[in-house]
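Chemist: Questions regarding the structure given below will be posed in turn.
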Amino acid sequence: MGKKKEKTYISFTEEMQKDYTVLVPNMLPMHFTLIAKVFRNFGLRAELLETQGQHIKETGLKYVHNDTCYPAILVIGQFIDALQSGKYDPHKTALILFQTGGGCRASNYINLLRKALEKAGYGYVPVISMSLAGLEDHPGFHMGVKMVHRLMYAVLYGDLLMLLRNQCRPYELRRGESEKLALAWTDRLAKEMDAGAKISYKKVQENYRKIISDFEAIPRAEQKRVRVGVVGEIFVKYSPLGNNNLEDFLVKEGAEVTVPGLLDFCLYCVYNNMMDTEKLGRNKVQYPIWKTAYRFFTKKQNDLIEVIRECSDFDPPTPFAHTVSLIEGYIGIGAKMGEGWLLTAEMLELADKGIKNIVCTQPFGCLPNHICGKGMMRPIKERNPDINIVAIDYDAGATAVNQENRIKLMLANHSD
């Protein structure tokens with residue numbers, strides 16, 4: 001028999017759960033506010049990091065090589081900045097990192113983070129791997145069915161609030177009202193995520209209707225704005241820290257922003273696992289689990305779409321099955337490194353919805369995104385000549401002014 005592989009990381013123990021603060025990196029403010037609340041309801045003293053600024057980037061660059069993936073530089077910089085801030089006792093602090101188990105940062109970030117922590121003098125700080133793939137063992141953090149169930153609703157609620165806010169914000173007569181309402185609902189929903197209470201799906205659907213009704217009541221101007229879709233690598237697509245507050249900039253420039261929801265990425269991960277079995281014969285034991293999860297998630301997404309259509313004139317999300325169908329003739333489902341074929345699919349999805357202006361956000365040097373994003377722009381434009389796509393690179397050396405000027409040029413030549 002071979003020797004048992006020695007564990008090379010510090011586990012987050014049940015004892016630590018009692019008095020450790022767990023810092024959560026922020027990618028989507030509303031979604032992750034709800035996710036952090038779910039963690040707190042299950043016994044973690046979770047705190048969402050909302051720090052921004054040039055110092056985050058500089059801190060990351062101090063402890064990570066500058067050729068490293070830009071989102072890694074930012075996330076690691078935000079963590080180490082928090083540990084150095086004096087706000088937390090590093091000996092009573094843990095970090096949590098979200099992983100899918102796939103390539104790139106989905107599996108490799110955690111070792112990069114630990115190496116940076118060691119270099120910064122915080123090698124003793126535990127890093128929790130949050131992954132359905134069970135990449136590591138952390139006795140003080142359990143991803144049970146009840147937690148996963150609540151996290152799913154955090155994603156659904158977050159997607160709905162993001163969609164409605166974005167469709168109201170450019171037209172609101174009272175500036176800031178859409179954002180204020182979205183934050184108020186985020187706080188309200190967070191209080192309903194109690195670990196002990198049973199989540200009623202009837203109550204969830206009632207909340208959907210109330211949320212939609214509240215956003216419909218916001219007084220809005222009648223004129224239409226140019227619609228701009230945002231796609232790209234998951235962190236720079238969503239995170240204001242990662243994309244230099246791209247959504248705020250687009251709204252200021254007179255655009256209505258559309259960003260595909262986080263649920264689509266979750267479904268993309270589940271779908272890829274199903275295809276591994278159906279096409280390659282891999283993981284046959286887990287196949288029924290992935291298939292059940294896929295049916296469950298798509299049913300919840302379709303229910304949400306139906307509620308939006310029934311109760312309002314808001315533009316609902318695209319059903320995931322239709323999104324998948326759009327890539328035929330463009331890219332294969334085997335292209336699944338990083339955001340993979342989903343990145344191409346989201347550009348086609350936006351065009352299919354009549355949104356012809358697209359910003360493709362990508363970390364500089366990110367090979368999967370340059371292939372499935374920037375590399376697919378030409379074939380997409382050849383078959384959709386009215387589409388207007390601009391690829392924007394984000395890295396530690398890029399200036400916001402340069403990025404904004406390129407986006408302004410796109411808006412000046414926008415497609416109707």
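Identifiers for the structure tokens are assigned positionally: chains receive A, B, ... in sequence, residues are indexed from 1 per chain, and ligands are indexed from 1 in the order shown.
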Among the residues of region 62-235 of chain A, find those DSSP assigns to strand (DSSP E or B) from the backbone and print them as a ChimeraX atom specification.
Modeler: /A:93-98,127-130,172,220,226-232
Chemist: Write a file of the just-selected residues containing C-alpha atoms, as a PDB file, in the first residue's frame.
Modeler:
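What ended up in part-v9.pdb:
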```
ATOM      1  CA  THR A  93      -9.400  35.108  11.374  1.00  0.00           C
ATOM      2  CA  ALA A  94     -10.020  32.661   8.537  1.00  0.00           C
ATOM      3  CA  LEU A  95     -10.552  33.249   4.825  1.00  0.00           C
ATOM      4  CA  ILE A  96     -12.971  31.514   2.463  1.00  0.00           C
ATOM      5  CA  LEU A  97     -12.364  30.954  -1.233  1.00  0.00           C
ATOM      6  CA  PHE A  98     -15.008  29.794  -3.720  1.00  0.00           C
ATOM      7  CA  VAL A 127      -8.221  29.213   4.149  1.00  0.00           C
ATOM      8  CA  ILE A 128     -11.539  27.393   3.683  1.00  0.00           C
ATOM      9  CA  SER A 129     -12.142  25.823   0.300  1.00  0.00           C
ATOM     10  CA  MET A 130     -15.838  26.195  -0.519  1.00  0.00           C
ATOM     11  CA  GLU A 172     -35.480  56.537 -12.555  1.00  0.00           C
ATOM     12  CA  ARG A 220     -39.316  56.250 -14.599  1.00  0.00           C
ATOM     13  CA  VAL A 226     -28.838  52.320 -25.605  1.00  0.00           C
ATOM     14  CA  ARG A 227     -28.677  48.784 -24.190  1.00  0.00           C
ATOM     15  CA  VAL A 228     -25.218  47.418 -23.387  1.00  0.00           C
ATOM     16  CA  GLY A 229     -24.483  43.864 -22.321  1.00  0.00           C
ATOM     17  CA  VAL A 230     -21.535  42.904 -20.121  1.00  0.00           C
ATOM     18  CA  VAL A 231     -19.913  39.469 -20.401  1.00  0.00           C
ATOM     19  CA  GLY A 232     -16.489  38.053 -19.598  1.00  0.00           C
TER      20      GLY A 232
END
```
Chemist: Do a neighbour search on Arg165 (chain A) at 7 Å with only C-alpha atoms, toss out local chain neighbours closer than 2 positions, and write the hits as a PyMOL selection string.
Modeler: chain A and resi 161-163+167-169+178-179+182
Chemist: Tyr20 (chain A): which residues within 9 Å, counting only C-alpha atoms, same-chain residues fewer than 5 positions away excluded, as a VMD selection string?
Modeler: chain A and resid 15 44 to 46 89 91 to 94
Chemist: Using only C-alpha atoms, which protein or nucleic acid residues come within 9 Å of region 407-415 of chain A? Drop anything in the same chain fewer than 4 positions from it, and give the result as a PDB file with N, CA and C atoms, in the first residue's frame.
Modeler:
```pdb
ATOM      1  N   VAL A 226     -29.568  53.354 -24.888  1.00  0.00           N
ATOM      2  CA  VAL A 226     -28.838  52.320 -25.605  1.00  0.00           C
ATOM      3  C   VAL A 226     -28.561  51.175 -24.635  1.00  0.00           C
ATOM      4  N   VAL A 228     -26.582  47.953 -23.322  1.00  0.00           N
ATOM      5  CA  VAL A 228     -25.218  47.418 -23.387  1.00  0.00           C
ATOM      6  C   VAL A 228     -25.138  46.183 -22.501  1.00  0.00           C
ATOM      7  N   LEU A 250     -21.168  52.937 -17.235  1.00  0.00           N
ATOM      8  CA  LEU A 250     -22.082  52.790 -18.372  1.00  0.00           C
ATOM      9  C   LEU A 250     -23.390  53.553 -18.141  1.00  0.00           C
ATOM     10  N   GLU A 253     -22.912  57.138 -18.639  1.00  0.00           N
ATOM     11  CA  GLU A 253     -22.802  57.454 -20.063  1.00  0.00           C
ATOM     12  C   GLU A 253     -24.134  57.305 -20.799  1.00  0.00           C
ATOM     13  N   ALA A 255     -26.362  54.536 -20.684  1.00  0.00           N
ATOM     14  CA  ALA A 255     -26.694  53.188 -21.154  1.00  0.00           C
ATOM     15  C   ALA A 255     -27.555  52.437 -20.143  1.00  0.00           C
ATOM     16  N   ILE A 355     -29.874  42.933 -27.805  1.00  0.00           N
ATOM     17  CA  ILE A 355     -28.844  43.787 -27.212  1.00  0.00           C
ATOM     18  C   ILE A 355     -27.590  43.645 -28.070  1.00  0.00           C
ATOM     19  N   LYS A 356     -27.342  44.616 -28.916  1.00  0.00           N
ATOM     20  CA  LYS A 356     -26.301  44.502 -29.944  1.00  0.00           C
ATOM     21  C   LYS A 356     -24.953  45.082 -29.517  1.00  0.00           C
ATOM     22  N   ASN A 357     -24.915  45.768 -28.381  1.00  0.00           N
ATOM     23  CA  ASN A 357     -23.679  46.392 -27.903  1.00  0.00           C
ATOM     24  C   ASN A 357     -23.176  45.632 -26.693  1.00  0.00           C
ATOM     25  N   ILE A 358     -21.971  45.101 -26.796  1.00  0.00           N
ATOM     26  CA  ILE A 358     -21.463  44.201 -25.764  1.00  0.00           C
ATOM     27  C   ILE A 358     -20.042  44.586 -25.361  1.00  0.00           C
ATOM     28  N   VAL A 359     -19.820  44.654 -24.048  1.00  0.00           N
ATOM     29  CA  VAL A 359     -18.477  44.828 -23.501  1.00  0.00           C
ATOM     30  C   VAL A 359     -18.022  43.469 -22.998  1.00  0.00           C
ATOM     31  N   ASP A 386     -24.702  43.218 -37.417  1.00  0.00           N
ATOM     32  CA  ASP A 386     -25.163  44.413 -36.702  1.00  0.00           C
ATOM     33  C   ASP A 386     -24.691  44.447 -35.253  1.00  0.00           C
ATOM     34  N   ILE A 387     -23.900  43.452 -34.842  1.00  0.00           N
ATOM     35  CA  ILE A 387     -23.472  43.406 -33.446  1.00  0.00           C
ATOM     36  C   ILE A 387     -22.207  44.249 -33.254  1.00  0.00           C
ATOM     37  N   ASN A 388     -22.081  44.838 -32.073  1.00  0.00           N
ATOM     38  CA  ASN A 388     -20.995  45.773 -31.769  1.00  0.00           C
ATOM     39  C   ASN A 388     -20.330  45.316 -30.470  1.00  0.00           C
ATOM     40  N   ILE A 389     -19.162  44.666 -30.585  1.00  0.00           N
ATOM     41  CA  ILE A 389     -18.487  44.104 -29.411  1.00  0.00           C
ATOM     42  C   ILE A 389     -17.137  44.771 -29.219  1.00  0.00           C
ATOM     43  N   VAL A 390     -16.830  45.122 -27.976  1.00  0.00           N
ATOM     44  CA  VAL A 390     -15.504  45.634 -27.660  1.00  0.00           C
ATOM     45  C   VAL A 390     -14.934  44.807 -26.508  1.00  0.00           C
ATOM     46  N   ILE A 392     -12.347  44.511 -23.492  1.00  0.00           N
ATOM     47  CA  ILE A 392     -11.606  45.395 -22.589  1.00  0.00           C
ATOM     48  C   ILE A 392     -10.747  44.541 -21.662  1.00  0.00           C
ATOM     49  N   ASN A 402      -8.082  54.705 -20.041  1.00  0.00           N
ATOM     50  CA  ASN A 402      -7.944  54.006 -21.315  1.00  0.00           C
ATOM     51  C   ASN A 402      -9.131  53.079 -21.560  1.00  0.00           C
ATOM     52  N   GLN A 403      -9.539  52.363 -20.522  1.00  0.00           N
ATOM     53  CA  GLN A 403     -10.688  51.459 -20.639  1.00  0.00           C
ATOM     54  C   GLN A 403     -11.966  52.239 -20.963  1.00  0.00           C
TER      55      GLN A 403
END
```
Chemist: Can you pull out every residue within 10 Å of region 341-346 of chain A, counting only C-alpha atoms, but drop anything in the same chain fewer than 5 positions away, and send it as a ChimeraX atom specification?
Modeler: /A:229-234,259-260,264-265,267-269,318,320,322-328,330-336,351-352,358,360,368-369,371-377,380
Chemist: I need the chosen residues saved as a short mmCIF file (atom, residue, chain, number, x, y, z; two decimals), in the first residue's frame, with N, CA and C atoms.
Modeler:
```
data_model
loop_
_atom_site.label_atom_id
_atom_site.label_comp_id
_atom_site.auth_asym_id
_atom_site.auth_seq_id
_atom_site.Cartn_x
_atom_site.Cartn_y
_atom_site.Cartn_z
N GLY A 229 -24.68 45.08 -23.08
CA GLY A 229 -24.48 43.86 -22.32
C GLY A 229 -23.05 43.76 -21.83
N VAL A 230 -22.88 43.12 -20.68
CA VAL A 230 -21.53 42.90 -20.12
C VAL A 230 -21.33 41.40 -19.93
N VAL A 231 -20.27 40.88 -20.55
CA VAL A 231 -19.91 39.47 -20.40
C VAL A 231 -18.43 39.40 -20.03
N GLY A 232 -17.92 38.18 -19.83
CA GLY A 232 -16.49 38.05 -19.60
C GLY A 232 -16.14 37.11 -18.47
N GLU A 233 -14.90 37.16 -18.05
CA GLU A 233 -14.42 36.36 -16.91
C GLU A 233 -15.27 36.73 -15.69
N ILE A 234 -15.65 35.74 -14.91
CA ILE A 234 -16.69 35.92 -13.91
C ILE A 234 -16.40 37.02 -12.89
N VAL A 259 -26.51 42.34 -17.51
CA VAL A 259 -25.47 41.40 -17.13
C VAL A 259 -26.12 40.04 -16.88
N PRO A 260 -25.74 39.00 -17.62
CA PRO A 260 -26.32 37.67 -17.36
C PRO A 260 -26.14 37.27 -15.90
N ASP A 264 -26.70 31.29 -14.27
CA ASP A 264 -26.24 30.70 -15.53
C ASP A 264 -24.87 30.05 -15.36
N PHE A 265 -23.99 30.69 -14.60
CA PHE A 265 -22.66 30.10 -14.37
C PHE A 265 -22.78 28.83 -13.54
N LEU A 267 -25.35 26.81 -13.50
CA LEU A 267 -25.89 25.81 -14.41
C LEU A 267 -24.84 25.32 -15.39
N TYR A 268 -23.99 26.22 -15.83
CA TYR A 268 -22.88 25.87 -16.73
C TYR A 268 -21.99 24.81 -16.08
N CYS A 269 -21.68 24.98 -14.80
CA CYS A 269 -20.83 24.02 -14.09
C CYS A 269 -21.53 22.66 -13.97
N THR A 318 -32.82 34.69 -19.95
CA THR A 318 -33.02 33.69 -21.00
C THR A 318 -32.95 32.30 -20.39
N PHE A 320 -31.85 28.70 -19.66
CA PHE A 320 -30.51 28.18 -19.89
C PHE A 320 -30.46 27.23 -21.08
N HIS A 322 -32.03 27.38 -23.81
CA HIS A 322 -31.95 28.17 -25.04
C HIS A 322 -30.54 28.76 -25.20
N THR A 323 -29.96 29.20 -24.08
CA THR A 323 -28.60 29.73 -24.13
C THR A 323 -27.63 28.69 -24.69
N VAL A 324 -27.77 27.45 -24.22
CA VAL A 324 -26.90 26.36 -24.70
C VAL A 324 -27.09 26.14 -26.20
N SER A 325 -28.33 26.21 -26.66
CA SER A 325 -28.62 25.93 -28.07
C SER A 325 -27.99 26.95 -29.02
N LEU A 326 -27.72 28.16 -28.51
CA LEU A 326 -27.22 29.24 -29.36
C LEU A 326 -25.78 29.02 -29.83
N ILE A 327 -25.02 28.17 -29.14
CA ILE A 327 -23.60 28.02 -29.50
C ILE A 327 -23.39 27.07 -30.67
N GLU A 328 -24.44 26.39 -31.12
CA GLU A 328 -24.29 25.43 -32.21
C GLU A 328 -23.73 26.12 -33.45
N TYR A 330 -20.84 27.52 -33.55
CA TYR A 330 -19.85 28.51 -33.12
C TYR A 330 -18.71 27.88 -32.33
N ILE A 331 -19.07 27.13 -31.28
CA ILE A 331 -18.07 26.59 -30.35
C ILE A 331 -18.64 25.32 -29.74
N GLY A 332 -17.76 24.39 -29.41
CA GLY A 332 -18.21 23.14 -28.82
C GLY A 332 -18.28 23.18 -27.31
N ILE A 333 -19.07 22.28 -26.73
CA ILE A 333 -19.22 22.25 -25.27
C ILE A 333 -17.98 21.69 -24.59
N GLY A 334 -17.03 21.21 -25.38
CA GLY A 334 -15.77 20.76 -24.79
C GLY A 334 -14.86 21.90 -24.39
N ALA A 335 -15.16 23.11 -24.87
CA ALA A 335 -14.38 24.31 -24.51
C ALA A 335 -14.90 24.83 -23.17
N LYS A 336 -14.38 24.29 -22.09
CA LYS A 336 -14.95 24.61 -20.77
C LYS A 336 -13.93 25.06 -19.74
N ALA A 351 -27.28 39.14 -28.08
CA ALA A 351 -27.66 39.49 -29.44
C ALA A 351 -29.06 38.97 -29.76
N ASP A 352 -29.35 37.77 -29.27
CA ASP A 352 -30.67 37.15 -29.49
C ASP A 352 -31.78 37.94 -28.82
N ILE A 358 -21.97 45.10 -26.80
CA ILE A 358 -21.46 44.20 -25.76
C ILE A 358 -20.04 44.59 -25.36
N CYS A 360 -16.93 42.96 -23.56
CA CYS A 360 -16.36 41.69 -23.13
C CYS A 360 -15.18 41.98 -22.21
N PRO A 368 -8.12 31.35 -21.67
CA PRO A 368 -9.48 30.90 -21.97
C PRO A 368 -10.39 32.03 -22.43
N ASN A 369 -10.28 33.20 -21.79
CA ASN A 369 -11.15 34.31 -22.16
C ASN A 369 -10.75 34.93 -23.49
N ILE A 371 -9.64 33.23 -25.95
CA ILE A 371 -10.10 32.30 -26.98
C ILE A 371 -11.63 32.34 -27.10
N CYS A 372 -12.31 32.15 -25.96
CA CYS A 372 -13.78 32.04 -25.99
C CYS A 372 -14.48 33.38 -25.99
N GLY A 373 -13.75 34.45 -25.67
CA GLY A 373 -14.31 35.80 -25.70
C GLY A 373 -13.83 36.56 -26.91
N LYS A 374 -12.65 37.14 -26.78
CA LYS A 374 -12.09 37.95 -27.87
C LYS A 374 -11.91 37.14 -29.15
N GLY A 375 -11.49 35.88 -29.02
CA GLY A 375 -11.27 35.05 -30.19
C GLY A 375 -12.53 34.69 -30.95
N MET A 376 -13.69 34.77 -30.28
CA MET A 376 -14.96 34.44 -30.94
C MET A 376 -15.68 35.66 -31.50
N MET A 377 -15.12 36.84 -31.28
CA MET A 377 -15.79 38.06 -31.75
C MET A 377 -15.95 38.07 -33.27
N ILE A 380 -18.65 35.64 -34.57
CA ILE A 380 -19.97 36.14 -34.17
C ILE A 380 -20.37 37.32 -35.05
#
```
Chemist: Excluding Gln78 (chain A) and its own-chain neighbours fewer than 2 positions away, which residues fall within 8 Å of it when counting only C-alpha atoms? Please give them as a PyMOL selection string.
Modeler: chain A and resi 25+49+51+56-57+59-60+74-76+80-82
Chemist: Could you please take those selected residues and save C-alpha atoms as a CSV table (one decimal), in the first residue's frame?
Modeler:
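Contents of the output file result_1.csv:
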```csv
chain,number,residue,atom,x,y,z
A,25,PRO,CA,-14.4,38.2,-0.8
A,49,LEU,CA,-15.2,42.5,2.4
A,51,THR,CA,-12.9,47.5,0.5
A,56,ILE,CA,-5.9,46.7,-2.9
A,57,LYS,CA,-4.1,46.2,-6.2
A,59,THR,CA,-1.1,44.9,-1.9
A,60,GLY,CA,-1.8,42.0,-4.2
A,74,LEU,CA,-7.2,41.6,-6.4
A,75,VAL,CA,-8.7,38.8,-4.2
A,76,ILE,CA,-5.4,38.1,-2.5
A,80,ILE,CA,-4.1,40.6,3.0
A,81,ASP,CA,-5.1,44.2,3.2
A,82,ALA,CA,-7.9,43.2,5.6
```
Chemist: Tell me, which residues of region 34-221 of chain A carry DSSP helix (DSSP H, G or I), written as an MDAnalysis selection string?
Modeler: chainID A and resid 34:41 54:63 70:84 90:92 105:120 145:171 177:191 201:216
Chemist: Within 12 Å of Val204 (chain A), counting only C-alpha atoms, which residues show up once you throw out same-chain ones fewer than 3 positions away? Write them as a list in words, please.
Modeler: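 Those residues are Arg150, Met152, Tyr153, Ala154, Leu156, Tyr157, Leu160, Leu189, Glu192, Met193, Lys198, Ile199, Ser200, Tyr201, Asn207, Tyr208, Arg209, Lys210, Ile211, Lys300, Asp303, Leu304 and Val307 of chain A.
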Chemist: Output the selection as a tab-separated table (two decimals), in the first residue's frame - C-alpha atoms for each residue.
Modeler:
```tsv
chain	number	residue	atom	x	y	z
A	150	ARG	CA	-30.40	28.51	0.92
A	152	MET	CA	-29.38	28.62	-4.29
A	153	TYR	CA	-32.11	31.06	-3.26
A	154	ALA	CA	-29.44	33.66	-2.49
A	156	LEU	CA	-31.92	33.49	-7.47
A	157	TYR	CA	-32.84	36.50	-5.35
A	160	LEU	CA	-33.65	39.07	-9.76
A	189	LEU	CA	-34.26	38.74	2.37
A	192	GLU	CA	-35.43	35.48	6.08
A	193	MET	CA	-32.47	33.13	5.44
A	198	LYS	CA	-37.99	25.89	6.59
A	199	ILE	CA	-37.88	27.80	3.31
A	200	SER	CA	-41.32	27.82	1.72
A	201	TYR	CA	-41.17	27.96	-2.07
A	207	ASN	CA	-41.29	37.58	-2.54
A	208	TYR	CA	-40.58	37.54	-6.28
A	209	ARG	CA	-43.93	39.23	-6.94
A	210	LYS	CA	-43.48	41.80	-4.18
A	211	ILE	CA	-39.99	42.67	-5.40
A	300	LYS	CA	-36.36	27.27	-10.54
A	303	ASP	CA	-40.38	29.61	-12.62
A	304	LEU	CA	-38.65	32.95	-12.03
A	307	VAL	CA	-43.25	35.20	-12.69
```
